[in-house]
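Have a look at input08.txt below; it lists compact mmCIF, C-alpha atoms and all ligand atoms.
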```
# COMPACT_ATOMS: atom_id res chain seq x y z
CA MET C 1 95.50 -79.15 72.79
CA GLU C 2 98.84 -80.82 72.04
CA SER C 3 101.25 -78.01 71.13
CA ASN C 4 103.89 -76.76 73.59
CA SER C 5 102.51 -73.26 73.25
CA GLU C 6 98.85 -74.14 73.81
CA PHE C 7 97.34 -74.57 77.26
CA ASP C 8 94.03 -74.95 79.03
CA VAL C 9 95.04 -72.23 81.45
CA ILE C 10 97.89 -69.72 81.48
CA ILE C 11 98.68 -68.18 84.86
CA ILE C 12 100.64 -64.93 84.89
CA GLY C 13 102.63 -64.21 88.07
CA ALA C 14 104.19 -66.88 90.30
CA GLY C 15 103.75 -65.39 93.75
CA VAL C 16 101.69 -67.37 96.22
CA MET C 17 98.39 -66.71 94.43
CA GLY C 18 99.58 -67.76 90.97
CA SER C 19 101.49 -70.77 92.31
CA SER C 20 98.48 -71.95 94.33
CA THR C 21 96.28 -71.53 91.24
CA ALA C 22 98.74 -73.60 89.18
CA TYR C 23 98.56 -76.35 91.82
CA HIS C 24 94.75 -76.40 91.81
CA ALA C 25 94.55 -76.24 88.01
CA THR C 26 96.85 -79.25 87.62
CA LYS C 27 94.96 -81.17 90.29
CA ARG C 28 91.99 -80.93 87.93
CA GLY C 29 94.04 -82.29 85.04
CA LEU C 30 94.34 -78.97 83.18
CA LYS C 31 97.28 -78.35 80.88
CA THR C 32 98.78 -75.45 82.83
CA LEU C 33 101.46 -72.83 82.16
CA LEU C 34 102.81 -70.61 84.97
CA LEU C 35 104.78 -67.54 83.85
CA GLU C 36 106.96 -65.36 86.11
CA GLN C 37 108.82 -62.17 85.15
CA PHE C 38 111.72 -62.70 87.61
CA ASP C 39 113.45 -65.81 89.00
CA PHE C 40 111.11 -68.13 90.86
CA LEU C 41 111.13 -67.39 94.62
CA HIS C 42 112.55 -63.89 94.08
CA HIS C 43 112.34 -61.19 96.77
CA CYS C 44 110.85 -58.36 94.68
CA GLY C 45 107.14 -58.99 95.23
CA SER C 46 104.90 -59.86 98.19
CA SER C 47 105.26 -63.60 98.76
CA HIS C 48 108.85 -64.07 99.98
CA GLY C 49 110.16 -64.24 103.52
CA GLU C 50 110.06 -66.39 106.61
CA SER C 51 106.63 -65.96 108.18
CA ARG C 52 103.04 -64.86 107.64
CA THR C 53 100.33 -64.84 110.27
CA ILE C 54 97.23 -66.95 109.84
CA ARG C 55 94.35 -65.84 112.08
CA LEU C 56 90.59 -66.24 112.05
CA THR C 57 89.64 -62.88 113.57
CA TYR C 58 88.49 -60.40 110.91
CA PRO C 59 86.20 -57.37 111.06
CA HIS C 60 84.10 -58.84 108.19
CA HIS C 61 82.23 -62.14 108.33
CA TYR C 62 82.99 -63.05 104.70
CA TYR C 63 86.61 -63.90 105.55
CA TYR C 64 85.59 -66.58 108.04
CA PRO C 65 84.84 -69.39 105.52
CA LEU C 66 87.91 -68.47 103.45
CA VAL C 67 90.26 -68.76 106.44
CA MET C 68 88.58 -71.88 107.82
CA ASP C 69 88.94 -73.65 104.47
CA SER C 70 92.53 -72.47 104.20
CA TYR C 71 93.57 -74.10 107.50
CA ARG C 72 92.44 -77.42 106.06
CA LEU C 73 93.95 -76.84 102.61
CA TRP C 74 97.36 -75.79 104.03
CA GLN C 75 97.49 -79.06 105.94
CA GLU C 76 96.36 -81.07 102.93
CA ALA C 77 99.03 -79.54 100.66
CA GLN C 78 101.87 -79.84 103.20
CA ALA C 79 100.99 -83.52 103.66
CA GLN C 80 101.45 -84.02 99.91
CA VAL C 81 104.84 -82.32 99.75
CA GLY C 82 106.12 -83.81 103.01
CA TYR C 83 107.41 -80.75 104.87
CA GLN C 84 105.81 -78.33 107.30
CA ILE C 85 104.35 -75.03 106.10
CA TYR C 86 101.79 -74.27 108.81
CA PHE C 87 102.70 -73.96 112.52
CA LYS C 88 99.81 -73.70 114.93
CA ALA C 89 99.69 -70.99 117.64
CA HIS C 90 97.18 -69.02 119.72
CA HIS C 91 96.22 -65.62 118.37
CA MET C 92 95.65 -62.43 120.32
CA ASP C 93 94.21 -59.07 119.20
CA MET C 94 94.84 -56.09 121.50
CA ALA C 95 93.17 -52.66 121.56
CA HIS C 96 91.35 -50.19 123.79
CA HIS C 97 88.03 -51.72 124.77
CA ASN C 98 86.19 -48.90 122.93
CA GLU C 99 88.26 -49.15 119.75
CA PRO C 100 85.79 -49.79 116.85
CA ALA C 101 88.09 -52.45 115.34
CA MET C 102 88.04 -54.37 118.64
CA ARG C 103 84.25 -54.06 118.94
CA ALA C 104 83.98 -55.45 115.38
CA LEU C 105 86.21 -58.44 116.25
CA ILE C 106 84.20 -59.22 119.39
CA ASP C 107 80.93 -59.08 117.42
CA TYR C 108 82.48 -61.26 114.72
CA CYS C 109 83.50 -63.93 117.24
CA ARG C 110 80.10 -63.85 118.95
CA ASN C 111 78.11 -63.99 115.69
CA LEU C 112 80.17 -66.85 114.31
CA GLN C 113 80.36 -68.64 117.66
CA ILE C 114 84.14 -68.68 117.70
CA PRO C 115 85.28 -69.45 121.26
CA PHE C 116 87.35 -66.54 122.64
CA LYS C 117 88.49 -65.01 125.90
CA LEU C 118 88.39 -61.29 126.56
CA LEU C 119 91.21 -60.40 128.94
CA GLY C 120 91.82 -57.25 130.93
CA ARG C 121 95.37 -56.04 131.65
CA GLN C 122 96.00 -58.27 134.69
CA GLU C 123 94.29 -61.35 133.19
CA LEU C 124 96.37 -60.99 130.07
CA ALA C 125 99.59 -60.68 132.09
CA ASP C 126 98.58 -63.86 133.98
CA LYS C 127 97.71 -65.80 130.82
CA PHE C 128 101.05 -65.03 129.18
CA SER C 129 103.10 -65.22 132.41
CA GLY C 130 104.10 -61.56 132.30
CA ARG C 131 105.43 -61.66 128.75
CA ILE C 132 102.90 -59.19 127.29
CA ASP C 133 101.56 -55.91 128.69
CA ILE C 134 98.75 -53.66 127.44
CA PRO C 135 97.84 -50.13 128.57
CA GLU C 136 95.05 -49.50 131.12
CA GLY C 137 91.62 -49.62 129.45
CA TRP C 138 92.83 -52.07 126.78
CA VAL C 139 91.68 -55.64 126.32
CA GLY C 140 93.16 -58.72 124.67
CA LEU C 141 90.94 -60.98 122.59
CA SER C 142 92.51 -64.40 122.71
CA ASN C 143 91.51 -67.44 120.65
CA GLU C 144 92.88 -70.76 119.45
CA HIS C 145 92.95 -69.93 115.74
CA GLY C 146 96.35 -68.39 115.12
CA GLY C 147 99.47 -69.70 113.49
CA VAL C 148 102.43 -69.07 111.25
CA ILE C 149 102.79 -69.94 107.55
CA LYS C 150 106.28 -70.16 105.98
CA PRO C 151 105.88 -68.06 102.80
CA THR C 152 108.84 -68.86 100.54
CA LYS C 153 108.52 -72.53 101.46
CA ALA C 154 104.78 -72.37 100.69
CA VAL C 155 105.32 -70.88 97.24
CA ALA C 156 107.98 -73.53 96.52
CA MET C 157 105.54 -76.18 97.71
CA PHE C 158 102.76 -75.10 95.33
CA GLN C 159 105.22 -74.88 92.42
CA THR C 160 106.67 -78.31 93.22
CA LEU C 161 103.23 -79.92 93.44
CA ALA C 162 102.07 -78.19 90.24
CA TYR C 163 105.22 -79.36 88.42
CA LYS C 164 104.75 -82.92 89.68
CA ASN C 165 101.19 -82.77 88.34
CA GLY C 166 102.46 -81.74 84.89
CA ALA C 167 102.48 -77.93 84.85
CA VAL C 168 104.97 -76.07 82.66
CA LEU C 169 106.79 -73.47 84.79
CA LYS C 170 108.73 -70.64 83.14
CA ASP C 171 110.53 -67.88 85.02
CA ASN C 172 112.33 -64.79 83.66
CA THR C 173 109.39 -64.50 81.28
CA LYS C 174 107.63 -61.16 81.50
CA VAL C 175 104.15 -60.91 79.97
CA ILE C 176 103.58 -57.68 78.09
CA ASP C 177 100.19 -58.27 76.46
CA ILE C 178 97.11 -60.48 76.42
CA LYS C 179 94.81 -60.50 73.41
CA LYS C 180 91.49 -62.13 72.69
CA GLU C 181 91.96 -64.99 70.23
CA GLY C 182 89.49 -64.36 67.41
CA GLY C 183 89.27 -67.75 65.69
CA THR C 184 89.03 -70.52 68.26
CA GLY C 185 88.25 -68.40 71.35
CA GLY C 186 90.52 -68.07 74.36
CA VAL C 187 93.49 -65.72 74.61
CA GLU C 188 96.99 -65.15 73.30
CA VAL C 189 99.69 -64.17 75.79
CA PHE C 190 102.76 -62.26 74.56
CA THR C 191 106.07 -62.03 76.41
CA ALA C 192 108.89 -59.47 76.40
CA GLY C 193 111.15 -62.15 74.89
CA GLY C 194 108.91 -62.46 71.80
CA GLU C 195 107.15 -65.71 72.74
CA LYS C 196 103.44 -66.26 72.22
CA PHE C 197 101.27 -68.75 74.13
CA ARG C 198 97.65 -69.63 73.57
CA GLY C 199 95.32 -70.46 76.41
CA ARG C 200 91.64 -71.32 76.65
CA LYS C 201 91.69 -69.24 79.83
CA CYS C 202 94.11 -66.92 81.56
CA VAL C 203 94.51 -66.04 85.25
CA VAL C 204 96.31 -62.80 86.15
CA THR C 205 97.95 -62.83 89.60
CA VAL C 206 100.65 -60.19 89.25
CA GLY C 207 100.45 -58.56 92.70
CA ALA C 208 101.83 -55.01 92.81
CA TRP C 209 102.10 -54.99 89.01
CA SER C 210 98.33 -55.51 88.53
CA LYS C 211 97.56 -51.88 87.81
CA LYS C 212 100.28 -51.67 85.13
CA LEU C 213 99.50 -54.94 83.35
CA VAL C 214 95.71 -54.56 83.45
CA ARG C 215 95.95 -51.00 82.16
CA ALA C 216 98.19 -52.20 79.31
CA VAL C 217 95.92 -55.07 78.23
CA SER C 218 92.45 -53.67 78.87
CA GLY C 219 92.68 -49.95 79.65
CA LEU C 220 91.05 -50.50 83.06
CA GLU C 221 92.45 -48.38 85.91
CA LEU C 222 92.32 -50.71 88.90
CA PRO C 223 92.39 -48.99 92.31
CA ILE C 224 95.42 -50.92 93.54
CA GLU C 225 98.25 -48.99 95.15
CA PRO C 226 101.65 -50.64 95.60
CA LEU C 227 103.08 -49.78 99.02
CA GLU C 228 106.63 -50.57 100.03
CA THR C 229 107.02 -51.73 103.61
CA HIS C 230 109.34 -53.84 105.68
CA VAL C 231 109.10 -56.46 108.38
CA CYS C 232 111.36 -55.99 111.38
CA TYR C 233 113.03 -58.58 113.59
CA TRP C 234 114.00 -57.59 117.15
CA ARG C 235 116.52 -59.29 119.46
CA VAL C 236 115.10 -60.87 122.59
CA LYS C 237 117.39 -60.04 125.54
CA GLU C 238 119.76 -62.73 126.77
CA GLY C 239 118.11 -65.29 129.02
CA GLN C 240 114.59 -64.39 127.89
CA GLU C 241 114.69 -66.06 124.45
CA GLY C 242 112.65 -69.14 125.37
CA LYS C 243 109.73 -67.02 126.55
CA PHE C 244 108.91 -65.76 123.05
CA ALA C 245 109.30 -69.00 121.12
CA LEU C 246 106.56 -70.73 119.16
CA GLY C 247 105.19 -73.66 121.13
CA THR C 248 105.51 -71.95 124.54
CA GLY C 249 102.00 -70.50 124.38
CA PHE C 250 103.30 -67.20 123.04
CA PRO C 251 100.73 -66.06 120.41
CA THR C 252 100.66 -64.48 117.01
CA PHE C 253 99.31 -60.99 117.68
CA ALA C 254 97.86 -57.75 116.33
CA SER C 255 97.49 -54.44 118.15
CA PHE C 256 95.17 -51.67 116.95
CA GLN C 257 95.29 -47.95 117.68
CA LYS C 258 93.93 -45.03 115.69
CA ASP C 259 97.26 -44.29 114.05
CA ILE C 260 99.21 -47.58 114.14
CA TYR C 261 98.42 -51.25 113.57
CA VAL C 262 101.22 -53.51 114.83
CA TYR C 263 101.41 -57.25 114.13
CA GLY C 264 103.86 -60.05 114.81
CA THR C 265 104.69 -63.70 115.29
CA PRO C 266 106.52 -65.73 117.95
CA THR C 267 110.20 -66.64 117.52
CA LEU C 268 110.47 -69.33 114.85
CA GLU C 269 112.59 -68.47 111.84
CA PHE C 270 115.56 -66.72 113.47
CA PRO C 271 116.57 -68.08 116.91
CA GLY C 272 116.36 -65.34 119.54
CA LEU C 273 114.57 -62.83 117.28
CA ILE C 274 110.91 -61.88 117.28
CA LYS C 275 109.06 -60.38 114.29
CA VAL C 276 107.11 -57.18 114.95
CA GLY C 277 105.99 -54.94 112.08
CA VAL C 278 103.58 -52.15 111.17
CA HIS C 279 100.73 -52.69 108.72
CA GLY C 280 100.99 -50.18 105.82
CA GLY C 281 103.82 -48.57 103.89
CA GLU C 282 104.89 -45.92 101.40
CA PRO C 283 103.40 -45.65 97.87
CA CYS C 284 105.92 -46.82 95.26
CA ASP C 285 106.43 -47.90 91.67
CA PRO C 286 107.24 -51.64 91.95
CA ASP C 287 109.80 -51.22 89.12
CA LYS C 288 111.58 -48.32 90.87
CA ARG C 289 111.58 -49.32 94.49
CA PRO C 290 113.29 -47.08 97.06
CA TRP C 291 114.15 -50.25 99.08
CA GLY C 292 113.92 -48.28 102.29
CA ALA C 293 110.34 -47.51 103.28
CA ALA C 294 109.69 -45.65 106.51
CA VAL C 295 107.36 -47.52 108.87
CA MET C 296 106.67 -45.32 111.94
CA MET C 297 109.83 -46.68 113.51
CA GLU C 298 109.81 -44.47 116.64
CA LYS C 299 106.28 -45.57 117.55
CA LEU C 300 107.15 -49.17 116.84
CA LYS C 301 110.17 -49.02 119.17
CA GLU C 302 107.96 -47.62 121.96
CA TRP C 303 105.42 -50.38 121.32
CA VAL C 304 108.07 -53.11 121.53
CA GLU C 305 109.59 -51.67 124.73
CA PHE C 306 106.25 -51.31 126.51
CA THR C 307 104.48 -54.46 125.31
CA PHE C 308 107.33 -56.88 126.02
CA LYS C 309 108.22 -55.17 129.32
CA GLY C 310 111.83 -54.44 128.41
CA MET C 311 112.61 -58.08 127.57
CA VAL C 312 113.15 -57.29 123.85
CA GLU C 313 115.92 -54.92 122.68
CA SER C 314 113.98 -51.93 121.28
CA THR C 315 116.71 -49.51 120.17
CA GLU C 316 116.79 -50.88 116.59
CA PRO C 317 115.48 -53.94 114.76
CA VAL C 318 118.37 -56.26 113.86
CA ILE C 319 116.89 -57.33 110.50
CA LYS C 320 114.59 -55.42 108.12
CA GLN C 321 113.12 -57.22 105.11
CA SER C 322 111.57 -55.18 102.29
CA CYS C 323 108.24 -56.25 100.78
CA ILE C 324 105.31 -54.78 98.79
CA TYR C 325 101.60 -54.56 99.57
CA SER C 326 98.95 -54.20 96.83
CA MET C 327 96.37 -52.04 98.60
CA THR C 328 92.78 -51.49 97.54
CA PRO C 329 90.89 -48.52 99.04
CA ASP C 330 88.79 -50.79 101.32
CA GLU C 331 91.59 -53.37 101.83
CA ASP C 332 89.34 -56.13 100.43
CA PHE C 333 90.54 -58.30 97.56
CA LEU C 334 89.77 -58.09 93.83
CA ILE C 335 88.65 -61.50 92.54
CA ASP C 336 86.75 -61.20 89.29
CA PHE C 337 86.74 -61.50 85.52
CA LEU C 338 88.49 -58.76 83.62
CA GLY C 339 85.37 -58.49 81.42
CA GLY C 340 85.18 -56.21 78.37
CA ASP C 341 86.27 -58.01 75.20
CA PHE C 342 87.76 -60.80 77.34
CA GLY C 343 84.41 -61.72 78.89
CA LYS C 344 85.12 -64.58 81.28
CA ASP C 345 88.34 -65.67 79.56
CA VAL C 346 90.65 -63.62 81.81
CA VAL C 347 90.36 -63.96 85.59
CA LEU C 348 91.96 -61.49 88.01
CA GLY C 349 93.19 -62.22 91.55
CA ALA C 350 94.75 -59.05 93.00
CA GLY C 351 94.70 -56.34 95.67
CA PHE C 352 95.42 -58.69 98.56
CA SER C 353 96.17 -55.62 100.69
CA GLY C 354 98.74 -57.07 103.07
CA HIS C 355 96.55 -59.89 104.41
CA GLY C 356 96.00 -62.42 101.63
CA PHE C 357 98.74 -64.97 102.19
CA LYS C 358 96.85 -67.05 104.75
CA MET C 359 94.01 -67.57 102.24
CA ALA C 360 96.17 -68.46 99.22
CA PRO C 361 95.12 -72.13 99.07
CA VAL C 362 91.44 -71.28 98.84
CA ILE C 363 92.00 -68.31 96.52
CA GLY C 364 93.91 -70.54 94.09
CA ARG C 365 90.98 -72.94 94.11
CA ILE C 366 88.46 -70.11 93.52
CA LEU C 367 90.50 -68.64 90.65
CA THR C 368 90.62 -72.11 89.08
CA ASP C 369 86.82 -72.45 89.49
CA LEU C 370 86.33 -69.10 87.77
CA ALA C 371 88.64 -70.08 84.91
CA VAL C 372 87.08 -73.53 84.40
CA HIS C 373 83.41 -73.02 85.24
CA GLY C 374 82.96 -69.25 84.95
CA GLU C 375 81.79 -69.22 88.58
CA THR C 376 82.60 -70.62 91.99
CA LYS C 377 80.05 -72.40 94.13
CA SER C 378 82.28 -72.86 97.17
CA HIS C 379 82.39 -69.25 98.44
CA ASP C 380 80.56 -65.96 98.15
CA ILE C 381 82.98 -63.70 96.29
CA SER C 382 80.52 -60.87 95.64
CA TYR C 383 82.47 -58.72 98.14
CA PHE C 384 85.52 -58.88 95.91
CA ARG C 385 84.02 -57.69 92.61
CA ILE C 386 85.81 -54.98 90.62
CA ALA C 387 82.48 -53.16 90.14
CA ARG C 388 82.32 -52.10 93.81
CA PHE C 389 84.69 -49.33 92.72
CA ARG C 390 83.98 -46.77 90.05
CA ILE C 391 86.58 -47.81 87.53
CA THR C 392 87.55 -45.66 84.58
CA SER C 393 88.81 -47.03 81.30
CA MET C 394 91.78 -45.35 79.64
CA ILE C 395 90.79 -46.66 76.20
C1 LIG C 401 105.53 -57.31 104.87
C2 LIG C 401 104.31 -58.12 104.54
C3 LIG C 401 103.69 -58.83 105.55
C4 LIG C 401 102.54 -59.57 105.26
N1 LIG C 401 101.97 -60.28 106.28
C5 LIG C 401 100.91 -61.07 106.02
C6 LIG C 401 100.38 -61.90 107.03
O1 LIG C 401 100.90 -61.92 108.16
N2 LIG C 401 99.34 -62.69 106.73
C7 LIG C 401 98.77 -62.70 105.48
O2 LIG C 401 97.79 -63.43 105.28
N3 LIG C 401 99.26 -61.93 104.49
C8 LIG C 401 100.32 -61.12 104.73
N4 LIG C 401 100.87 -60.36 103.74
C9 LIG C 401 100.22 -60.32 102.42
C10 LIG C 401 100.62 -61.44 101.50
O3 LIG C 401 101.98 -61.72 101.60
C11 LIG C 401 100.20 -61.06 100.07
O4 LIG C 401 98.79 -60.80 100.08
C12 LIG C 401 100.50 -62.13 99.07
O5 LIG C 401 101.84 -62.54 99.14
C13 LIG C 401 100.18 -61.61 97.66
O6 LIG C 401 100.59 -62.56 96.72
P1 LIG C 401 100.47 -62.31 95.15
O7 LIG C 401 100.73 -63.62 94.52
O8 LIG C 401 99.18 -61.61 94.87
O9 LIG C 401 101.60 -61.23 94.80
P2 LIG C 401 103.18 -61.45 94.53
O10 LIG C 401 103.77 -62.33 95.54
O11 LIG C 401 103.81 -60.11 94.37
O12 LIG C 401 103.22 -62.22 93.15
C14 LIG C 401 102.99 -61.57 91.92
C15 LIG C 401 104.01 -62.12 90.95
O13 LIG C 401 103.69 -61.69 89.64
C16 LIG C 401 104.92 -61.46 88.97
N5 LIG C 401 104.63 -60.56 87.81
C17 LIG C 401 104.28 -59.28 87.86
N6 LIG C 401 104.09 -58.79 86.63
C18 LIG C 401 104.36 -59.81 85.77
C19 LIG C 401 104.36 -59.93 84.35
N7 LIG C 401 104.03 -58.88 83.57
N8 LIG C 401 104.70 -61.11 83.79
C20 LIG C 401 105.04 -62.19 84.58
N9 LIG C 401 105.06 -62.12 85.94
C21 LIG C 401 104.71 -60.95 86.51
C22 LIG C 401 105.77 -60.81 90.02
O14 LIG C 401 107.13 -60.81 89.72
C23 LIG C 401 105.42 -61.64 91.23
O15 LIG C 401 106.26 -62.76 91.38
C24 LIG C 401 102.00 -59.59 103.96
C25 LIG C 401 102.64 -58.89 102.94
C26 LIG C 401 103.79 -58.15 103.22
C27 LIG C 401 104.47 -57.42 102.10
```

Could you spell out this file's structure in structure tokens?
Amino acid sequence: MESNSEFDVIIIGAGVMGSSTAYHATKRGLKTLLLEQFDFLHHCGSSHGESRTIRLTYPHHYYYPLVMDSYRLWQEAQAQVGYQIYFKAHHMDMAHHNEPAMRALIDYCRNLQIPFKLLGRQELADKFSGRIDIPEGWVGLSNEHGGVIKPTKAVAMFQTLAYKNGAVLKDNTKVIDIKKEGGTGGVEVFTAGGEKFRGRKCVVTVGAWSKKLVRAVSGLELPIEPLETHVCYWRVKEGQEGKFALGTGFPTFASFQKDIYVYGTPTLEFPGLIKVGVHGGEPCDPDKRPWGAAVMMEKLKEWVEFTFKGMVESTEPVIKQSCIYSMTPDEDFLIDFLGGDFGKDVVLGAGFSGHGFKMAPVIGRILTDLAVHGETKSHDISYFRIARFRITSMI
């Protein structure tokens, strides 16, 4: 293929998943086009901001190899670009000792032989020198495999590496249709600006817009719900700042209760501020965002006040950053072929449900495998098939 409008693979959507896929595709020498509807590195999707947690503890065993591979791939990619994306930390999960999610994490660590420590209230206070408290009856599950990824920097890194490897990158280019190419095989991709590109294969990584675009091109109703949420930064009280900083042994963390799942990272991106947020958000249309989702703020304030023993100012967060989740009903990903008339020519990576960032390097590699070989041998992706849901077609 020699023309400027013909490619081996066309990737739609330049969040972290599309940008990682572009990097992997170009590493394999594929003529690659990456299309983005907004400016590159915009703040309207899911992949912008200053920090994402990477952790190994999951309630399902099938995430273990994906996260393990990702640790290695993050380090490999950052070595190529020359700046730091991944910052190592401990990780700690906290919940009542009878909480099913905690039991699942303990079983997961035991079954996979991941070294961990289970700490009661006093042991946990001792380990973190009085910086973290949990209620009576709760436990902390502490392990070495935590860390922070810098999201906007990571997306820029994948785009830079893809560009250096020869990818064509086009932003402000919204895709409105994908059609099967009758004559030579492959697909044609149409943009709102009237351009047409031909690709042997196409990868769709459009985040919260997946339901809209997939419905428009194939009639499939994917069970992906966009949720608007925000991350909150809280001010550490004067004199206490150093206690919460990355590198002091302060962990990345998650805390589970029936009605609220809180997560956060040590101080890194904003001096003197700590990130603490709530998993989940409010259903929204990604094209008509309210830009002001509610996130159980009163409960979150109580959590901050209690857990950090009054050392963090809990009256209001000082920064709120808006972001979108793409939730599936079971919170597992959708990694599959679109099927129908497209067969294996169009690959979908979507529904990352508020926890996909950490695995972006390996997901980009899997999506490239699917586009090039029609399968991936590196990981079992059967858990992420579209067919696990009863999908209706609108056509
Ligand atoms: C507040 C918050 C906290 C999170 N915390 C964590 C965490 O700690 N750890 C973790 O692992 N994960 C976390 N996640 C999840 C993670 O950030 C996402 O899973 C990941 O960013 C999803 O990336 P994506 O590429 O699928 O989507 P996006 O980043 O939204 O990218 C999709 C892109 O497609 C573009 N697009 C859409 N439609 C079109 C079109 N028609 N034509 C061209 N382009 C189009 C969009 O503009 C967008 O740029 C968090 C997410 C949020 C919102």

**Report entry** Test item: residues at most 10 Å from C:His355, all atoms listed in the file, excluding those fewer than 3 positions along its chain, as a PyMOL selection string
**Finding:** chain C and resi 52-55+279+325-327+331-333+351-352+358-359

Query raised in the report: Nearest to C:Lys164: which of C:Leu213, C:Ala387, C:Ala22, C:Val262 is it, counting only C-alpha atoms?
Result: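 Smallest separation from C:Lys164 among the options: C:Ala22.
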
**Report entry** Option closest in space to ligand LIG 401 (chain C), from C:Gln84, C:Ser19, C:Gln257, C:Thr315 [counting all atoms listed in the file]
**Finding:**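 For ligand LIG 401 (chain C), the nearest of the candidates is C:Ser19.
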
**Report entry** Nearest to C:Tyr261 by atom-to-atom distance, counting only C-alpha atoms, from C:Glu6, C:Asp93, C:Glu188, C:Glu36
**Finding:** C:Asp93

Requested in this report: Considering all atoms listed in the file, return as a list in words whatever protein or nucleic-acid residues lie within 8 Å of C:Pro59, sequence-local ones (same chain, fewer than 4 positions apart) excluded.
Outcome: Ala101, Ala104, Leu105 and Tyr108 of chain C

Requested in this report: Select, counting only C-alpha atoms, all protein, DNA and RNA residues no farther than 12 Å from (97.9, -76.4, 72.4) in file coordinates, and express the selection as a PyMOL selection string.
Outcome: chain C and resi 1-10+30-33+184+186-188+196-200

For the selection just defined, write its residues with C-alpha atoms to a file, as a PDB file, in the coordinates of the input.
```pdb
ATOM      1  CA  MET C   1      95.500 -79.150  72.790  1.00  0.00           C
ATOM      2  CA  GLU C   2      98.840 -80.820  72.040  1.00  0.00           C
ATOM      3  CA  SER C   3     101.250 -78.010  71.130  1.00  0.00           C
ATOM      4  CA  ASN C   4     103.890 -76.760  73.590  1.00  0.00           C
ATOM      5  CA  SER C   5     102.510 -73.260  73.250  1.00  0.00           C
ATOM      6  CA  GLU C   6      98.850 -74.140  73.810  1.00  0.00           C
ATOM      7  CA  PHE C   7      97.340 -74.570  77.260  1.00  0.00           C
ATOM      8  CA  ASP C   8      94.030 -74.950  79.030  1.00  0.00           C
ATOM      9  CA  VAL C   9      95.040 -72.230  81.450  1.00  0.00           C
ATOM     10  CA  ILE C  10      97.890 -69.720  81.480  1.00  0.00           C
ATOM     11  CA  LEU C  30      94.340 -78.970  83.180  1.00  0.00           C
ATOM     12  CA  LYS C  31      97.280 -78.350  80.880  1.00  0.00           C
ATOM     13  CA  THR C  32      98.780 -75.450  82.830  1.00  0.00           C
ATOM     14  CA  LEU C  33     101.460 -72.830  82.160  1.00  0.00           C
ATOM     15  CA  THR C 184      89.030 -70.520  68.260  1.00  0.00           C
ATOM     16  CA  GLY C 186      90.520 -68.070  74.360  1.00  0.00           C
ATOM     17  CA  VAL C 187      93.490 -65.720  74.610  1.00  0.00           C
ATOM     18  CA  GLU C 188      96.990 -65.150  73.300  1.00  0.00           C
ATOM     19  CA  LYS C 196     103.440 -66.260  72.220  1.00  0.00           C
ATOM     20  CA  PHE C 197     101.270 -68.750  74.130  1.00  0.00           C
ATOM     21  CA  ARG C 198      97.650 -69.630  73.570  1.00  0.00           C
ATOM     22  CA  GLY C 199      95.320 -70.460  76.410  1.00  0.00           C
ATOM     23  CA  ARG C 200      91.640 -71.320  76.650  1.00  0.00           C
TER      24      ARG C 200
END
```

Per residue of stretch 78-173 of chain C within 12 Å of stretch 293-305 of chain C, which atom pair is closest and at what distance in Å (one decimal), using only C-alpha atoms, listed by chain and increasing number, as a tab-separated table?
```
residue	atom	partner	partner_atom	distance
C:Arg131	CA	C:Val304	CA	11.5
C:Ile132	CA	C:Val304	CA	9.8
C:Asp133	CA	C:Glu305	CA	9.9
C:Ile134	CA	C:Trp303	CA	9.6
C:Pro135	CA	C:Trp303	CA	10.5
```

**Report entry** Counting only C-alpha atoms, the residue of C:Lys275, C:His24, C:Lys117, C:Lys201 that sits nearest C:Val139
**Finding:** C:Lys117

Query raised in the report: Hey, what's within 9 Å of C:Cys44 if we count all atoms listed in the file and toss same-chain stuff fewer than 6 positions away? As a PyMOL selection string, please?
Result: chain C and resi 38+286+322-324

Centre, edges in Å (one decimal): axis-aligned box, ligand LIG 401 (chain C), 8 Å padding on all six sides, as lines of an AutoDock Vina configuration file:
```
center_x = 102.5
center_y = -60.5
center_z = 95.9
size_x = 25.3
size_y = 22.3
size_z = 40.6
```

Report summary line: One decimal place gives the atom CA of C:Ile11-atom CA of C:Val67 separation as 23.2 Å

Report task. Using all atoms listed in the file, find the one residue out of C:Thr26, C:Ser129, C:Thr328, C:Ser353 that sits nearest to C:Ala167. Result -> C:Thr26

Query - Residue nearest ligand LIG 401 (chain C) among C:Phe337, C:Tyr63, C:Trp209, C:Tyr83 (counting all atoms listed in the file) - result: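 Closest residue, counting all atoms listed in the file: C:Trp209.
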
Write out N, CA and C atoms for stretch 353-357 of chain C, as a PDB file, in the frame of the given file.
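File rebuild-v3.pdb, as written:
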```pdb
ATOM      1  N   SER C 353      96.170 -56.639  99.632  1.00  0.00           N
ATOM      2  CA  SER C 353      96.170 -55.620 100.690  1.00  0.00           C
ATOM      3  C   SER C 353      96.871 -56.002 102.003  1.00  0.00           C
ATOM      4  N   GLY C 354      97.935 -56.770 101.879  1.00  0.00           N
ATOM      5  CA  GLY C 354      98.740 -57.070 103.070  1.00  0.00           C
ATOM      6  C   GLY C 354      98.150 -58.123 103.990  1.00  0.00           C
ATOM      7  N   HIS C 355      97.095 -58.844 103.530  1.00  0.00           N
ATOM      8  CA  HIS C 355      96.550 -59.890 104.410  1.00  0.00           C
ATOM      9  C   HIS C 355      96.064 -61.134 103.661  1.00  0.00           C
ATOM     10  N   GLY C 356      96.551 -61.321 102.440  1.00  0.00           N
ATOM     11  CA  GLY C 356      96.000 -62.420 101.630  1.00  0.00           C
ATOM     12  C   GLY C 356      96.699 -63.764 101.765  1.00  0.00           C
ATOM     13  N   PHE C 357      97.943 -63.746 102.267  1.00  0.00           N
ATOM     14  CA  PHE C 357      98.740 -64.970 102.190  1.00  0.00           C
ATOM     15  C   PHE C 357      98.022 -66.170 102.817  1.00  0.00           C
TER      16      PHE C 357
END
```
